[in-house]
>>> print(open('model-v1.pdb').read())   # PDB, C-alpha atoms, pLDDT in the B column
MODEL        1
ATOM      1  CA  ALA A   1     -18.464 -43.992  34.251  1.00 54.00           C
ATOM      2  CA  ASP A   2     -17.885 -40.509  32.893  1.00 82.00           C
ATOM      3  CA  GLY A   3     -20.494 -40.807  30.156  1.00 84.00           C
ATOM      4  CA  ALA A   4     -23.451 -42.777  28.796  1.00 89.00           C
ATOM      5  CA  VAL A   5     -23.725 -44.984  25.717  1.00 93.00           C
ATOM      6  CA  TYR A   6     -25.777 -43.319  22.978  1.00 93.00           C
ATOM      7  CA  GLU A   7     -27.172 -45.833  20.469  1.00 94.00           C
ATOM      8  CA  HIS A   8     -27.798 -43.564  17.541  1.00 93.00           C
ATOM      9  CA  ALA A   9     -28.732 -46.411  15.161  1.00 92.00           C
ATOM     10  CA  LYS A  10     -32.120 -46.884  16.878  1.00 93.00           C
ATOM     11  CA  TRP A  11     -34.748 -45.931  14.303  1.00 91.00           C
ATOM     12  CA  TYR A  12     -36.534 -43.472  16.601  1.00 93.00           C
ATOM     13  CA  LYS A  13     -33.484 -41.403  17.491  1.00 93.00           C
ATOM     14  CA  PRO A  14     -33.311 -37.775  16.253  1.00 93.00           C
ATOM     15  CA  TYR A  15     -31.025 -36.864  13.376  1.00 92.00           C
ATOM     16  CA  PHE A  16     -27.433 -36.777  14.565  1.00 93.00           C
ATOM     17  CA  TYR A  17     -26.804 -33.111  13.828  1.00 92.00           C
ATOM     18  CA  ARG A  18     -29.899 -32.229  15.868  1.00 92.00           C
ATOM     19  CA  HIS A  19     -28.739 -34.462  18.699  1.00 94.00           C
ATOM     20  CA  ALA A  20     -25.318 -32.770  18.634  1.00 93.00           C
ATOM     21  CA  GLN A  21     -27.014 -29.370  18.712  1.00 92.00           C
ATOM     22  CA  HIS A  22     -29.116 -30.338  21.725  1.00 93.00           C
ATOM     23  CA  VAL A  23     -26.091 -31.745  23.570  1.00 94.00           C
ATOM     24  CA  MET A  24     -24.169 -28.517  22.979  1.00 93.00           C
ATOM     25  CA  GLU A  25     -27.099 -26.468  24.280  1.00 94.00           C
ATOM     26  CA  ARG A  26     -27.289 -28.655  27.407  1.00 92.00           C
ATOM     27  CA  ALA A  27     -23.546 -28.358  27.965  1.00 93.00           C
ATOM     28  CA  THR A  28     -23.774 -24.579  27.712  1.00 93.00           C
ATOM     29  CA  GLN A  29     -26.661 -24.425  30.162  1.00 93.00           C
ATOM     30  CA  GLU A  30     -24.996 -26.794  32.629  1.00 91.00           C
ATOM     31  CA  GLY A  31     -21.573 -25.202  32.269  1.00 91.00           C
ATOM     32  CA  ALA A  32     -19.839 -28.576  31.894  1.00 90.00           C
ATOM     33  CA  PRO A  33     -18.974 -30.931  29.036  1.00 90.00           C
ATOM     34  CA  ILE A  34     -21.279 -33.867  28.292  1.00 92.00           C
ATOM     35  CA  VAL A  35     -19.597 -37.177  27.453  1.00 93.00           C
ATOM     36  CA  GLU A  36     -21.283 -39.850  25.306  1.00 94.00           C
ATOM     37  CA  TYR A  37     -20.030 -43.077  23.769  1.00 94.00           C
ATOM     38  CA  LEU A  38     -21.313 -44.250  20.398  1.00 94.00           C
ATOM     39  CA  PRO A  39     -20.937 -47.806  19.099  1.00 94.00           C
ATOM     40  CA  THR A  40     -18.417 -47.764  16.238  1.00 95.00           C
ATOM     41  CA  ARG A  41     -20.957 -48.631  13.535  1.00 94.00           C
ATOM     42  CA  ASP A  42     -23.370 -45.994  14.823  1.00 94.00           C
ATOM     43  CA  TYR A  43     -20.593 -43.393  14.615  1.00 93.00           C
ATOM     44  CA  TYR A  44     -19.582 -44.343  11.067  1.00 94.00           C
ATOM     45  CA  TYR A  45     -23.175 -44.071   9.844  1.00 92.00           C
ATOM     46  CA  ARG A  46     -24.287 -41.210  12.084  1.00 91.00           C
ATOM     47  CA  HIS A  47     -25.308 -38.963   9.175  1.00 91.00           C
ATOM     48  CA  SER A  48     -26.815 -41.671   6.940  1.00 89.00           C
ATOM     49  CA  ARG A  49     -30.432 -41.568   8.154  1.00 89.00           C
ATOM     50  CA  SER A  50     -30.628 -37.794   7.746  1.00 86.00           C
ATOM     51  CA  VAL A  51     -28.461 -37.747   4.569  1.00 85.00           C
ATOM     52  CA  PHE A  52     -26.328 -35.314   6.550  1.00 87.00           C
ATOM     53  CA  TRP A  53     -29.001 -32.591   6.989  1.00 86.00           C
ATOM     54  CA  GLU A  54     -30.779 -32.873   3.657  1.00 85.00           C
ATOM     55  CA  MET A  55     -33.682 -34.959   4.980  1.00 84.00           C
ATOM     56  CA  GLU A  56     -35.319 -31.903   6.541  1.00 83.00           C
ATOM     57  CA  ASN A  57     -35.848 -30.634   2.971  1.00 79.00           C
ATOM     58  CA  ILE A  58     -36.986 -34.003   1.604  1.00 78.00           C
ATOM     59  CA  VAL A  59     -39.238 -35.095   4.507  1.00 80.00           C
ATOM     60  CA  PRO A  60     -40.092 -31.960   6.534  1.00 81.00           C
ATOM     61  CA  LEU A  61     -41.943 -34.026   9.177  1.00 83.00           C
ATOM     62  CA  GLY A  62     -38.970 -36.349   9.642  1.00 83.00           C
ATOM     63  CA  GLU A  63     -37.881 -34.694  12.879  1.00 85.00           C
ATOM     64  CA  SER A  64     -41.248 -35.246  14.547  1.00 88.00           C
ATOM     65  CA  ALA A  65     -41.087 -37.757  17.415  1.00 90.00           C
ATOM     66  CA  ILE A  66     -44.273 -39.445  16.114  1.00 92.00           C
ATOM     67  CA  PHE A  67     -42.843 -39.759  12.607  1.00 90.00           C
ATOM     68  CA  ARG A  68     -39.556 -41.121  13.939  1.00 90.00           C
ATOM     69  CA  TRP A  69     -41.288 -43.749  16.061  1.00 92.00           C
ATOM     70  CA  CYS A  70     -43.673 -44.912  13.295  1.00 92.00           C
ATOM     71  CA  PHE A  71     -41.604 -44.422  10.145  1.00 89.00           C
ATOM     72  CA  GLY A  72     -38.008 -43.765  11.190  1.00 88.00           C
ATOM     73  CA  TRP A  73     -37.079 -47.287  10.095  1.00 89.00           C
ATOM     74  CA  MET A  74     -37.803 -46.238   6.477  1.00 86.00           C
ATOM     75  CA  LEU A  75     -35.042 -43.630   6.412  1.00 86.00           C
ATOM     76  CA  PRO A  76     -33.031 -42.835   4.443  1.00 84.00           C
ATOM     77  CA  PRO A  77     -35.070 -43.335   1.260  1.00 78.00           C
ATOM     78  CA  SER A  78     -33.296 -44.695  -1.799  1.00 78.00           C
ATOM     79  CA  VAL A  79     -31.684 -41.910  -3.851  1.00 71.00           C
ATOM     80  CA  SER A  80     -32.686 -43.761  -7.047  1.00 75.00           C
ATOM     81  CA  PHE A  81     -36.304 -43.865  -5.831  1.00 74.00           C
ATOM     82  CA  LEU A  82     -36.227 -40.138  -5.071  1.00 71.00           C
ATOM     83  CA  LYS A  83     -34.902 -39.369  -8.546  1.00 71.00           C
ATOM     84  CA  LEU A  84     -37.613 -41.515 -10.120  1.00 77.00           C
ATOM     85  CA  THR A  85     -40.446 -39.899  -8.165  1.00 74.00           C
ATOM     86  CA  THR A  86     -39.298 -36.261  -8.146  1.00 73.00           C
ATOM     87  CA  PRO A  87     -41.715 -34.101 -10.213  1.00 73.00           C
ATOM     88  CA  ALA A  88     -40.174 -32.004 -12.988  1.00 74.00           C
ATOM     89  CA  GLU A  89     -40.954 -28.719 -11.229  1.00 70.00           C
ATOM     90  CA  LEU A  90     -39.325 -29.889  -8.012  1.00 69.00           C
ATOM     91  CA  GLN A  91     -36.274 -31.052  -9.962  1.00 72.00           C
ATOM     92  CA  LYS A  92     -36.114 -27.611 -11.565  1.00 74.00           C
ATOM     93  CA  PHE A  93     -36.138 -26.100  -8.055  1.00 72.00           C
ATOM     94  CA  TYR A  94     -33.306 -28.388  -6.925  1.00 72.00           C
ATOM     95  CA  ASP A  95     -31.275 -27.400  -9.977  1.00 73.00           C
ATOM     96  CA  SER A  96     -31.749 -23.660  -9.498  1.00 79.00           C
ATOM     97  CA  LYS A  97     -32.217 -23.096  -5.750  1.00 82.00           C
ATOM     98  CA  HIS A  98     -30.413 -25.935  -4.046  1.00 87.00           C
ATOM     99  CA  VAL A  99     -26.730 -26.572  -3.333  1.00 90.00           C
ATOM    100  CA  ILE A 100     -24.778 -29.792  -2.780  1.00 89.00           C
ATOM    101  CA  GLN A 101     -21.088 -28.946  -2.809  1.00 92.00           C
ATOM    102  CA  ASP A 102     -17.808 -29.992  -1.223  1.00 94.00           C
ATOM    103  CA  MET A 103     -14.689 -27.881  -1.589  1.00 95.00           C
ATOM    104  CA  LEU A 104     -11.248 -28.953  -0.386  1.00 95.00           C
ATOM    105  CA  VAL A 105      -9.288 -25.900   0.790  1.00 96.00           C
ATOM    106  CA  PRO A 106      -5.916 -25.474   2.551  1.00 96.00           C
ATOM    107  CA  ALA A 107      -6.360 -25.304   6.324  1.00 96.00           C
ATOM    108  CA  ASP A 108      -4.526 -21.982   6.491  1.00 95.00           C
ATOM    109  CA  THR A 109      -7.303 -20.410   4.382  1.00 96.00           C
ATOM    110  CA  MET A 110     -10.072 -21.625   6.687  1.00 95.00           C
ATOM    111  CA  GLU A 111     -11.186 -18.229   7.991  1.00 95.00           C
ATOM    112  CA  LYS A 112     -11.427 -16.703   4.519  1.00 97.00           C
ATOM    113  CA  SER A 113     -13.033 -19.844   3.083  1.00 97.00           C
ATOM    114  CA  LEU A 114     -15.781 -19.807   5.722  1.00 96.00           C
ATOM    115  CA  ALA A 115     -16.410 -16.136   4.923  1.00 97.00           C
ATOM    116  CA  VAL A 116     -16.782 -16.986   1.223  1.00 97.00           C
ATOM    117  CA  PHE A 117     -19.192 -19.837   2.020  1.00 96.00           C
ATOM    118  CA  ARG A 118     -21.179 -17.459   4.224  1.00 96.00           C
ATOM    119  CA  LYS A 119     -21.368 -14.831   1.495  1.00 96.00           C
ATOM    120  CA  GLU A 120     -22.214 -17.140  -1.411  1.00 96.00           C
ATOM    121  CA  PHE A 121     -24.231 -19.926   0.265  1.00 95.00           C
ATOM    122  CA  ASP A 122     -25.275 -18.684   3.736  1.00 94.00           C
ATOM    123  CA  MET A 123     -26.352 -22.070   5.081  1.00 91.00           C
ATOM    124  CA  TYR A 124     -25.680 -24.060   8.209  1.00 89.00           C
ATOM    125  CA  PRO A 125     -24.598 -26.484   9.419  1.00 90.00           C
ATOM    126  CA  LEU A 126     -21.517 -26.977   7.227  1.00 93.00           C
ATOM    127  CA  TRP A 127     -19.558 -30.193   6.833  1.00 93.00           C
ATOM    128  CA  VAL A 128     -16.007 -29.567   8.104  1.00 94.00           C
ATOM    129  CA  CYS A 129     -13.626 -32.478   7.682  1.00 94.00           C
ATOM    130  CA  PRO A 130      -9.787 -32.280   7.859  1.00 95.00           C
ATOM    131  CA  MET A 131      -7.789 -34.242   5.310  1.00 93.00           C
ATOM    132  CA  CYS A 132      -4.068 -34.676   4.644  1.00 95.00           C
ATOM    133  CA  VAL A 133      -3.084 -34.112   1.010  1.00 94.00           C
ATOM    134  CA  ARG A 134       0.217 -35.536  -0.147  1.00 94.00           C
ATOM    135  CA  PRO A 135       2.693 -33.897  -2.537  1.00 92.00           C
ATOM    136  CA  GLY A 136       3.402 -35.353  -5.952  1.00 89.00           C
ATOM    137  CA  ARG A 137       1.673 -35.592  -9.299  1.00 88.00           C
ATOM    138  CA  GLY A 138      -1.925 -36.177 -10.290  1.00 90.00           C
ATOM    139  CA  LEU A 139      -5.135 -34.192 -10.354  1.00 93.00           C
ATOM    140  CA  VAL A 140      -5.034 -33.435  -6.615  1.00 93.00           C
ATOM    141  CA  HIS A 141      -1.852 -32.886  -4.621  1.00 93.00           C
ATOM    142  CA  ALA A 142      -0.349 -30.555  -2.013  1.00 90.00           C
ATOM    143  CA  ARG A 143       0.979 -27.139  -3.023  1.00 85.00           C
ATOM    144  CA  GLY A 144       4.581 -27.871  -2.010  1.00 85.00           C
ATOM    145  CA  ASP A 145       6.797 -30.873  -1.367  1.00 89.00           C
ATOM    146  CA  LYS A 146       5.340 -31.765   2.053  1.00 92.00           C
ATOM    147  CA  VAL A 147       2.114 -33.319   3.287  1.00 94.00           C
ATOM    148  CA  GLU A 148      -0.353 -30.490   3.802  1.00 95.00           C
ATOM    149  CA  LEU A 149      -3.516 -30.228   5.876  1.00 96.00           C
ATOM    150  CA  PHE A 150      -6.631 -29.371   3.876  1.00 96.00           C
ATOM    151  CA  VAL A 151     -10.235 -29.070   5.048  1.00 96.00           C
ATOM    152  CA  ASP A 152     -13.281 -30.332   3.182  1.00 96.00           C
ATOM    153  CA  LEU A 153     -16.047 -27.738   3.486  1.00 95.00           C
ATOM    154  CA  GLY A 154     -19.433 -29.126   2.507  1.00 94.00           C
ATOM    155  CA  ALA A 155     -22.605 -27.108   1.891  1.00 94.00           C
ATOM    156  CA  TYR A 156     -25.781 -29.158   1.481  1.00 92.00           C
ATOM    157  CA  GLY A 157     -29.260 -27.694   1.304  1.00 89.00           C
ATOM    158  CA  VAL A 158     -31.176 -24.532   0.516  1.00 90.00           C
ATOM    159  CA  PRO A 159     -29.173 -21.272   0.613  1.00 93.00           C
ATOM    160  CA  GLY A 160     -30.187 -18.577   3.076  1.00 93.00           C
ATOM    161  CA  ALA A 161     -31.221 -16.170   0.317  1.00 93.00           C
ATOM    162  CA  VAL A 162     -33.697 -18.723  -1.070  1.00 91.00           C
ATOM    163  CA  ARG A 163     -35.177 -19.297   2.407  1.00 90.00           C
ATOM    164  CA  ARG A 164     -35.659 -15.530   2.688  1.00 92.00           C
ATOM    165  CA  ALA A 165     -37.379 -15.461  -0.739  1.00 90.00           C
ATOM    166  CA  GLU A 166     -34.597 -13.319  -2.219  1.00 92.00           C
ATOM    167  CA  ASP A 167     -33.223 -13.605  -5.741  1.00 91.00           C
ATOM    168  CA  TYR A 168     -30.502 -16.236  -5.939  1.00 91.00           C
ATOM    169  CA  ASP A 169     -28.493 -17.275  -8.980  1.00 91.00           C
ATOM    170  CA  VAL A 170     -26.966 -20.637  -8.079  1.00 91.00           C
ATOM    171  CA  VAL A 171     -24.693 -20.707 -11.147  1.00 91.00           C
ATOM    172  CA  GLU A 172     -23.265 -17.252 -10.454  1.00 93.00           C
ATOM    173  CA  ARG A 173     -22.714 -18.009  -6.760  1.00 94.00           C
ATOM    174  CA  LEU A 174     -21.174 -21.408  -7.385  1.00 94.00           C
ATOM    175  CA  ARG A 175     -18.832 -20.007 -10.029  1.00 94.00           C
ATOM    176  CA  ALA A 176     -17.722 -17.366  -7.510  1.00 96.00           C
ATOM    177  CA  VAL A 177     -16.882 -20.123  -5.000  1.00 96.00           C
ATOM    178  CA  GLU A 178     -15.075 -22.163  -7.681  1.00 96.00           C
ATOM    179  CA  GLU A 179     -13.012 -19.099  -8.623  1.00 96.00           C
ATOM    180  CA  TYR A 180     -12.063 -18.526  -4.983  1.00 97.00           C
ATOM    181  CA  VAL A 181     -11.143 -22.187  -4.405  1.00 97.00           C
ATOM    182  CA  THR A 182      -8.921 -22.122  -7.480  1.00 96.00           C
ATOM    183  CA  SER A 183      -7.235 -18.928  -6.215  1.00 96.00           C
ATOM    184  CA  VAL A 184      -6.155 -20.667  -2.975  1.00 96.00           C
ATOM    185  CA  GLN A 185      -5.112 -23.825  -4.860  1.00 94.00           C
ATOM    186  CA  GLY A 186      -7.990 -25.860  -3.510  1.00 95.00           C
ATOM    187  CA  PHE A 187     -10.193 -28.415  -5.248  1.00 96.00           C
ATOM    188  CA  GLU A 188     -13.855 -29.036  -5.962  1.00 95.00           C
ATOM    189  CA  MET A 189     -15.139 -32.535  -5.237  1.00 93.00           C
ATOM    190  CA  LEU A 190     -16.011 -34.085  -8.582  1.00 90.00           C
ATOM    191  CA  TYR A 191     -19.274 -35.781  -7.581  1.00 87.00           C
ATOM    192  CA  ALA A 192     -21.012 -32.383  -7.381  1.00 85.00           C
ATOM    193  CA  ASP A 193     -22.308 -29.970 -10.001  1.00 84.00           C
ATOM    194  CA  SER A 194     -19.508 -27.995 -11.608  1.00 90.00           C
ATOM    195  CA  PHE A 195     -19.895 -24.825 -13.638  1.00 91.00           C
ATOM    196  CA  MET A 196     -16.259 -24.339 -14.632  1.00 93.00           C
ATOM    197  CA  THR A 197     -15.193 -24.010 -18.247  1.00 92.00           C
ATOM    198  CA  ARG A 198     -12.636 -26.460 -19.595  1.00 92.00           C
ATOM    199  CA  THR A 199      -9.890 -23.847 -19.129  1.00 92.00           C
ATOM    200  CA  GLU A 200     -10.955 -23.109 -15.544  1.00 94.00           C
ATOM    201  CA  PHE A 201     -11.080 -26.835 -14.780  1.00 94.00           C
ATOM    202  CA  GLY A 202      -7.493 -27.131 -16.008  1.00 93.00           C
ATOM    203  CA  LYS A 203      -6.410 -24.344 -13.661  1.00 94.00           C
ATOM    204  CA  MET A 204      -7.925 -26.018 -10.616  1.00 95.00           C
ATOM    205  CA  PHE A 205      -6.698 -29.563 -11.315  1.00 95.00           C
ATOM    206  CA  ASP A 206      -3.192 -30.573 -12.386  1.00 94.00           C
ATOM    207  CA  ARG A 207      -3.881 -32.454 -15.618  1.00 94.00           C
ATOM    208  CA  LYS A 208      -0.279 -33.093 -16.702  1.00 94.00           C
ATOM    209  CA  MET A 209       0.006 -36.734 -15.626  1.00 94.00           C
ATOM    210  CA  TYR A 210      -3.611 -37.478 -16.528  1.00 94.00           C
ATOM    211  CA  ASP A 211      -3.244 -36.149 -20.088  1.00 94.00           C
ATOM    212  CA  ASP A 212       0.140 -37.829 -20.533  1.00 95.00           C
ATOM    213  CA  LEU A 213      -1.239 -41.230 -19.548  1.00 94.00           C
ATOM    214  CA  ARG A 214      -4.313 -40.824 -21.770  1.00 94.00           C
ATOM    215  CA  GLN A 215      -2.149 -40.069 -24.786  1.00 94.00           C
ATOM    216  CA  ARG A 216       0.482 -42.764 -24.137  1.00 94.00           C
ATOM    217  CA  LEU A 217      -2.120 -45.486 -23.564  1.00 95.00           C
ATOM    218  CA  GLY A 218      -4.501 -44.364 -26.302  1.00 94.00           C
ATOM    219  CA  ALA A 219      -7.258 -43.660 -23.779  1.00 93.00           C
ATOM    220  CA  ASP A 220      -7.909 -40.256 -25.369  1.00 90.00           C
ATOM    221  CA  LYS A 221      -9.308 -42.104 -28.400  1.00 91.00           C
ATOM    222  CA  ALA A 222     -11.304 -44.654 -26.384  1.00 93.00           C
ATOM    223  CA  PHE A 223     -12.756 -42.894 -23.342  1.00 94.00           C
ATOM    224  CA  PRO A 224     -14.308 -39.479 -22.654  1.00 92.00           C
ATOM    225  CA  ASP A 225     -12.217 -36.794 -20.980  1.00 93.00           C
ATOM    226  CA  ILE A 226     -12.710 -36.274 -17.246  1.00 94.00           C
ATOM    227  CA  TYR A 227     -14.113 -32.777 -17.872  1.00 93.00           C
ATOM    228  CA  ASP A 228     -16.812 -34.161 -20.161  1.00 91.00           C
ATOM    229  CA  LYS A 229     -17.771 -36.688 -17.481  1.00 91.00           C
ATOM    230  CA  ILE A 230     -17.953 -34.115 -14.696  1.00 91.00           C
ATOM    231  CA  VAL A 231     -19.647 -31.168 -16.427  1.00 89.00           C
ATOM    232  CA  GLU A 232     -22.939 -32.606 -17.663  1.00 84.00           C
ATOM    233  CA  PRO A 233     -24.350 -31.463 -21.031  1.00 84.00           C
ATOM    234  CA  ARG A 234     -27.148 -29.445 -19.398  1.00 83.00           C
ATOM    235  CA  ARG A 235     -24.572 -27.624 -17.237  1.00 85.00           C
ATOM    236  CA  LEU A 236     -22.400 -26.965 -20.280  1.00 85.00           C
ATOM    237  CA  GLU A 237     -25.425 -25.544 -22.087  1.00 86.00           C
ATOM    238  CA  GLN A 238     -26.019 -23.140 -19.182  1.00 85.00           C
ATOM    239  CA  LEU A 239     -22.391 -22.041 -19.411  1.00 86.00           C
ATOM    240  CA  ARG A 240     -22.682 -21.452 -23.154  1.00 87.00           C
ATOM    241  CA  GLU A 241     -25.765 -19.277 -22.626  1.00 85.00           C
ATOM    242  CA  ARG A 242     -23.905 -17.152 -20.064  1.00 87.00           C
ATOM    243  CA  LEU A 243     -20.333 -17.063 -21.368  1.00 85.00           C
ATOM    244  CA  GLY A 244     -20.657 -17.757 -25.075  1.00 84.00           C
ATOM    245  CA  GLU A 245     -19.549 -20.634 -27.243  1.00 82.00           C
ATOM    246  CA  GLU A 246     -15.918 -19.531 -27.457  1.00 78.00           C
ATOM    247  CA  ALA A 247     -15.378 -19.536 -23.680  1.00 76.00           C
ATOM    248  CA  CYS A 248     -16.720 -23.081 -23.351  1.00 78.00           C
ATOM    249  CA  LYS A 249     -14.544 -24.816 -25.950  1.00 74.00           C
TER     250      LYS A 249
ENDMDL
END
>>> encode(input="model-v1.pdb", output="structure tokens")
Amino acid sequence: ADGAVYEHAKWYKPYFYRHAQHVMERATQEGAPIVEYLPTRDYYYRHSRSVFWEMENIVPLGESAIFRWCFGWMLPPSVSFLKLTTPAELQKFYDSKHVIQDMLVPADTMEKSLAVFRKEFDMYPLWVCPMCVRPGRGLVHARGDKVELFVDLGAYGVPGAVRRAEDYDVVERLRAVEEYVTSVQGFEMLYADSFMTRTEFGKMFDRKMYDDLRQRLGADKAFPDIYDKIVEPRRLEQLRERLGEEACK
């Protein structure tokens, strides 16, 4: 056979991104590619135990071989449990010095987009996932009348400036990335923190069909607007403090 089976789902295995890093280092040293086969389920859930690469911030000892052997079966911890047990000061740190963001950008802007991520976030590894976006109507669609290749760039963790104990304004940096993504007709994933104003949100996402349907079906009188669901009250308050009440209407 040209490769070995790697059963990543075993509780004692290292985090997948670390395993990939080690394999790449071995391949470089040996001067030849290394082939491995993962069971389908193991591949689908390869980043689950490490919550991509966030677990190194949550459980710093998680990469230890002893920890993996004794407690690896406990990972990943429940997100609800983490929220319940996170002290207020640590939550304040996450809010001000921690980034969890995905931005969908056109593939032809990849080089510039990576440079922007480097400047504003300076963290690695990054999640890089290609995605076809179809033309048409709706909040998210291609720029023209053909299917277009976009790339999801994900930044999860503590920015480089924070690790170096430098001043870091997460709101300012994230707004700079949001402005850039809007300029290349990309999109911010709506699960993450957003610091756009209502006007800026409308520039990034095509609201025409959404607003038309809300009005025709009476949903605008029954359900909150998508902006109000995405930009949480505490985020909106931060925007008001920085930009003023008028800019945030």
>>> atom_distance(input="model-v1.pdb", atom1="atom CA of Tyr45 of chain A", atom2="atom CA of Ser194 of chain A")
27.1 Å
>>> atom_distance(input="model-v1.pdb", atom1="atom CA of Tyr94 of chain A", atom2="atom CA of Tyr180 of chain A")
23.5 Å
>>> residues_around(input="model-v1.pdb", residues="Glu36 of chain A", least_positions_apart="4", cutoff="6 Å", atoms="all atoms listed in the file", output="PyMOL selection string")
chain A and resi 3-5
>>> residues_around(input="model-v1.pdb", residues="segment 183-190 of chain A", least_positions_apart="6", cutoff="7 Å", atoms="all atoms listed in the file", output="MDAnalysis selection string")
chainID A and resid 102:106 204 230
>>> residues_around(input="model-v1.pdb", residues="Phe93 of chain A", least_positions_apart="3", cutoff="12 Å", atoms="all atoms listed in the file", output="MDAnalysis selection string")
chainID A and resid 57 86:90 96:99 157:158 162 168:170
>>> resolve_selection(input="model-v1.pdb", expression="the PyMOL selection byres ((chain A and resi 239) around 12)", output="PyMOL selection string")
chain A and resi 171-172+175+194-198+231-238+240-249
>>> atom_distance(input="model-v1.pdb", atom1="atom CA of Trp127 of chain A", atom2="atom CA of Val151 of chain A")
9.6 Å
>>> residues_around(input="model-v1.pdb", residues="Ala115 of chain A", least_positions_apart="5", cutoff="12 Å", atoms="all atoms listed in the file", output="mmCIF file with C-alpha atoms, keeping the file's coordinate frame")
data_model
loop_
_atom_site.group_PDB
_atom_site.id
_atom_site.type_symbol
_atom_site.label_atom_id
_atom_site.label_comp_id
_atom_site.auth_asym_id
_atom_site.auth_seq_id
_atom_site.Cartn_x
_atom_site.Cartn_y
_atom_site.Cartn_z
ATOM 1 C CA THR A 109 -7.303 -20.410 4.382
ATOM 2 C CA MET A 110 -10.072 -21.625 6.687
ATOM 3 C CA GLU A 120 -22.214 -17.140 -1.411
ATOM 4 C CA PHE A 121 -24.231 -19.926 0.265
ATOM 5 C CA ASP A 122 -25.275 -18.684 3.736
ATOM 6 C CA MET A 123 -26.352 -22.070 5.081
ATOM 7 C CA LEU A 153 -16.047 -27.738 3.486
ATOM 8 C CA VAL A 177 -16.882 -20.123 -5.000
ATOM 9 C CA TYR A 180 -12.063 -18.526 -4.983
#
>>> residues_around(input="model-v1.pdb", residues="Cys132 of chain A", least_positions_apart="4", cutoff="6 Å", atoms="all atoms listed in the file", output="list in words")
Glu148, Leu149 and Phe150 of chain A
>>> closest_residue(input="model-v1.pdb", among="A:Phe16, A:Trp11, A:Phe117, A:Tyr156", to="Trp69 of chain A", atoms="only C-alpha atoms")
A:Trp11
>>> resolve_selection(input="model-v1.pdb", expression="the PyMOL selection byres ((chain A and resi 49) around 12)", output="JSON, numbers by chain")
{"A": [8, 9, 10, 11, 12, 13, 14, 15, 16, 17, 42, 43, 44, 45, 46, 47, 48, 50, 51, 52, 53, 54, 55, 56, 58, 59, 62, 63, 68, 71, 72, 73, 74, 75, 76, 77, 78]}
>>> axis_aligned_box(input="model-v1.pdb", around="segment 90-108 of chain A", padding_each_side="6 Å", output="AutoDock Vina command-line options")
--center_x -21.9 --center_y -26.5 --center_z -2.5 --size_x 46.8 --size_y 21.1 --size_z 30.1
>>> closest_residue(input="model-v1.pdb", among="A:Ala155, A:Met209, A:Leu61, A:Leu126", to="Val140 of chain A", atoms="only C-alpha atoms")
A:Met209
>>> residues_near_point(input="model-v1.pdb", point="(-24.6, -31.3, -8.8)", cutoff="9 Å", atoms="all atoms listed in the file", output="MDAnalysis selection string")
chainID A and resid 95 99:101 191:194
